[in-house]
Amino acid sequence: MVRAIRGAIQVDGNDRDAIIAGTTELVSEVMERNRLTTDEVISVFFTATPDLTAEFPALAARKLGFHDVPLLCASEIDVPGALPRVVRLMAHVATDRPRQDIQHVYLRGAVALRVDIAQ
């Protein structure tokens with residue numbers, strides 16, 4: 001069965017280290033909370049708000065060992081008043097876990113994006 005896991009984090013600034021550190025934290029939390037290995041990850045789609053241009057968020061996943069997992073980065077649409085400096089992800093995973101057991105991960109200021117499901 002394939003499940004999608006969502007997540008987001010607000011990073012400290014538009015610099016390479018902040019984007020890598022924040023994305024590393026986000027991906028690590030998604031993997032840990034859902035008890036996943038990279039073998040179970042089918043693909044990960046990352047987006048970043050238009051104010052984050054210093055690095056591709058997918059680089060953090062590569063550094064975590066996602067070597068043979070398809071990764072893609074894109075820019076979020078520039079909505080006036082949207083939360084700035086946010087990296088989002090949607091991971092597709094192979095799991096037998098029911099939908100209600102999937103843990104979506106929203107960290108730092110990004111908790112405000114989905115207070116209904118943030119843990």
# chains A, B, ... in the order shown; residues from 1 in each chain; ligands from 1
$ residues_around --residues "stretch 17-23 of chain A" --least-positions-apart "6" --cutoff "10 Å" --atoms "only C-alpha atoms" --output "PDB file with N, CA and C atoms, in the first residue's frame"
ATOM      1  N   ALA A   8       6.372  19.996   7.206  1.00  0.00           N
ATOM      2  CA  ALA A   8       6.891  21.337   6.907  1.00  0.00           C
ATOM      3  C   ALA A   8       7.705  21.835   8.093  1.00  0.00           C
ATOM      4  N   ILE A   9       8.619  22.734   7.790  1.00  0.00           N
ATOM      5  CA  ILE A   9       9.420  23.382   8.822  1.00  0.00           C
ATOM      6  C   ILE A   9       9.712  24.813   8.385  1.00  0.00           C
ATOM      7  N   GLN A  10       9.704  25.715   9.322  1.00  0.00           N
ATOM      8  CA  GLN A  10      10.124  27.087   9.039  1.00  0.00           C
ATOM      9  C   GLN A  10      11.605  27.173   9.388  1.00  0.00           C
ATOM     10  N   VAL A  11      12.435  27.519   8.408  1.00  0.00           N
ATOM     11  CA  VAL A  11      13.881  27.583   8.627  1.00  0.00           C
ATOM     12  C   VAL A  11      14.291  28.983   9.064  1.00  0.00           C
ATOM     13  N   GLU A  29      12.678  13.687  11.408  1.00  0.00           N
ATOM     14  CA  GLU A  29      11.473  13.533  12.235  1.00  0.00           C
ATOM     15  C   GLU A  29      10.399  12.715  11.529  1.00  0.00           C
ATOM     16  N   PHE A  46       9.720  18.044  -2.468  1.00  0.00           N
ATOM     17  CA  PHE A  46       9.975  19.177  -1.588  1.00  0.00           C
ATOM     18  C   PHE A  46       9.523  20.462  -2.270  1.00  0.00           C
ATOM     19  N   ALA A  48       9.718  24.877  -1.455  1.00  0.00           N
ATOM     20  CA  ALA A  48      10.243  25.943  -0.604  1.00  0.00           C
ATOM     21  C   ALA A  48       9.523  27.232  -0.977  1.00  0.00           C
ATOM     22  N   LEU A  52      13.272  31.305  -0.239  1.00  0.00           N
ATOM     23  CA  LEU A  52      14.362  30.349   0.018  1.00  0.00           C
ATOM     24  C   LEU A  52      14.965  29.903  -1.310  1.00  0.00           C
ATOM     25  N   THR A  53      16.138  30.428  -1.603  1.00  0.00           N
ATOM     26  CA  THR A  53      16.786  30.145  -2.889  1.00  0.00           C
ATOM     27  C   THR A  53      18.248  29.727  -2.756  1.00  0.00           C
ATOM     28  N   ALA A  54      18.762  29.624  -1.535  1.00  0.00           N
ATOM     29  CA  ALA A  54      20.193  29.395  -1.336  1.00  0.00           C
ATOM     30  C   ALA A  54      20.625  27.942  -1.538  1.00  0.00           C
ATOM     31  N   GLU A  55      19.671  26.998  -1.477  1.00  0.00           N
ATOM     32  CA  GLU A  55      20.020  25.587  -1.646  1.00  0.00           C
ATOM     33  C   GLU A  55      18.772  24.774  -1.947  1.00  0.00           C
ATOM     34  N   PHE A  56      18.969  23.633  -2.585  1.00  0.00           N
ATOM     35  CA  PHE A  56      17.872  22.698  -2.828  1.00  0.00           C
ATOM     36  C   PHE A  56      17.623  21.897  -1.548  1.00  0.00           C
ATOM     37  N   PRO A  57      16.391  21.864  -1.020  1.00  0.00           N
ATOM     38  CA  PRO A  57      16.122  21.067   0.173  1.00  0.00           C
ATOM     39  C   PRO A  57      16.449  19.578  -0.006  1.00  0.00           C
ATOM     40  N   ALA A  58      16.323  19.058  -1.208  1.00  0.00           N
ATOM     41  CA  ALA A  58      16.593  17.635  -1.448  1.00  0.00           C
ATOM     42  C   ALA A  58      18.027  17.245  -1.104  1.00  0.00           C
ATOM     43  N   LEU A  59      18.946  18.195  -1.126  1.00  0.00           N
ATOM     44  CA  LEU A  59      20.330  17.880  -0.787  1.00  0.00           C
ATOM     45  C   LEU A  59      20.423  17.309   0.626  1.00  0.00           C
ATOM     46  N   ALA A  60      19.620  17.811   1.536  1.00  0.00           N
ATOM     47  CA  ALA A  60      19.633  17.298   2.906  1.00  0.00           C
ATOM     48  C   ALA A  60      19.229  15.829   2.935  1.00  0.00           C
ATOM     49  N   ALA A  61      18.230  15.455   2.148  1.00  0.00           N
ATOM     50  CA  ALA A  61      17.806  14.052   2.097  1.00  0.00           C
ATOM     51  C   ALA A  61      18.915  13.182   1.513  1.00  0.00           C
ATOM     52  N   LYS A  63      22.057  13.683   1.781  1.00  0.00           N
ATOM     53  CA  LYS A  63      23.069  13.554   2.839  1.00  0.00           C
ATOM     54  C   LYS A  63      22.627  12.586   3.932  1.00  0.00           C
ATOM     55  N   ARG A  85       9.828  31.490   4.685  1.00  0.00           N
ATOM     56  CA  ARG A  85      10.948  30.577   4.975  1.00  0.00           C
ATOM     57  C   ARG A  85      10.494  29.162   5.337  1.00  0.00           C
ATOM     58  N   VAL A  86       9.587  28.610   4.536  1.00  0.00           N
ATOM     59  CA  VAL A  86       9.052  27.277   4.833  1.00  0.00           C
ATOM     60  C   VAL A  86       9.485  26.261   3.776  1.00  0.00           C
ATOM     61  N   VAL A  87      10.004  25.145   4.259  1.00  0.00           N
ATOM     62  CA  VAL A  87      10.268  23.974   3.418  1.00  0.00           C
ATOM     63  C   VAL A  87       9.171  22.972   3.731  1.00  0.00           C
ATOM     64  N   ARG A  88       8.517  22.484   2.676  1.00  0.00           N
ATOM     65  CA  ARG A  88       7.471  21.474   2.823  1.00  0.00           C
ATOM     66  C   ARG A  88       7.917  20.195   2.115  1.00  0.00           C
ATOM     67  N   LEU A  89       7.340  19.090   2.548  1.00  0.00           N
ATOM     68  CA  LEU A  89       7.587  17.847   1.834  1.00  0.00           C
ATOM     69  C   LEU A  89       6.322  17.011   1.773  1.00  0.00           C
ATOM     70  N   LEU A 107       6.994  21.440  12.082  1.00  0.00           N
ATOM     71  CA  LEU A 107       7.957  21.863  13.086  1.00  0.00           C
ATOM     72  C   LEU A 107       8.164  23.375  13.086  1.00  0.00           C
ATOM     73  N   ARG A 108       8.584  23.853  14.237  1.00  0.00           N
ATOM     74  CA  ARG A 108       8.870  25.279  14.444  1.00  0.00           C
ATOM     75  C   ARG A 108       7.643  26.102  14.060  1.00  0.00           C
TER      76      ARG A 108
END
$ select_by_dssp --residues "chain A" --states "strand (DSSP E or B)" --output "ChimeraX atom specification"
/A:2-10,41-48,71-75,86-94,105-107
$ closest_residue --among "A:Pro70, A:Arg114, A:Asn34, A:Thr47" --to "A:Asp96" --atoms "only C-alpha atoms"
A:Asn34
$ residues_around --residues "A:Val41" --least-positions-apart "6" --cutoff "10 Å" --atoms "only C-alpha atoms" --output "PyMOL selection string"
chain A and resi 2-4+31+66+68-70+91-95
$ residues_around --residues "A:Asp116" --least-positions-apart "3" --cutoff "12 Å" --atoms "only C-alpha atoms" --output "PyMOL selection string"
chain A and resi 104-106+111-113+119
$ write_last_selection --atoms "N, CA and C atoms" --output "short mmCIF file (atom, residue, chain, number, x, y, z; two decimals), in the first residue's frame"
data_model
loop_
_atom_site.label_atom_id
_atom_site.label_comp_id
_atom_site.auth_asym_id
_atom_site.auth_seq_id
_atom_site.Cartn_x
_atom_site.Cartn_y
_atom_site.Cartn_z
N HIS A 104 1.99 13.04 10.33
CA HIS A 104 2.46 14.19 9.57
C HIS A 104 3.24 15.07 10.54
N VAL A 105 4.27 15.74 10.03
CA VAL A 105 5.21 16.44 10.91
C VAL A 105 5.31 17.91 10.53
N TYR A 106 4.95 18.78 11.46
CA TYR A 106 5.06 20.22 11.27
C TYR A 106 5.88 20.77 12.42
N VAL A 111 4.13 24.79 12.43
CA VAL A 111 3.01 24.19 13.17
C VAL A 111 1.73 24.98 12.86
N ALA A 112 1.87 26.28 12.65
CA ALA A 112 0.71 27.14 12.37
C ALA A 112 0.01 26.77 11.07
N LEU A 113 0.69 26.06 10.17
CA LEU A 113 0.10 25.70 8.88
C LEU A 113 -0.99 24.64 9.02
N GLN A 119 1.92 17.39 15.20
CA GLN A 119 2.18 16.64 16.43
C GLN A 119 3.51 17.04 17.00
#
$ atom_distance --atom1 "atom CA of A:Thr38" --atom2 "atom CA of A:Ile5"
13.7 Å
$ closest_residue --among "A:Ser28, A:Thr37, A:Ser43, A:Thr49" --to "A:Gly13" --atoms "only C-alpha atoms"
A:Thr49
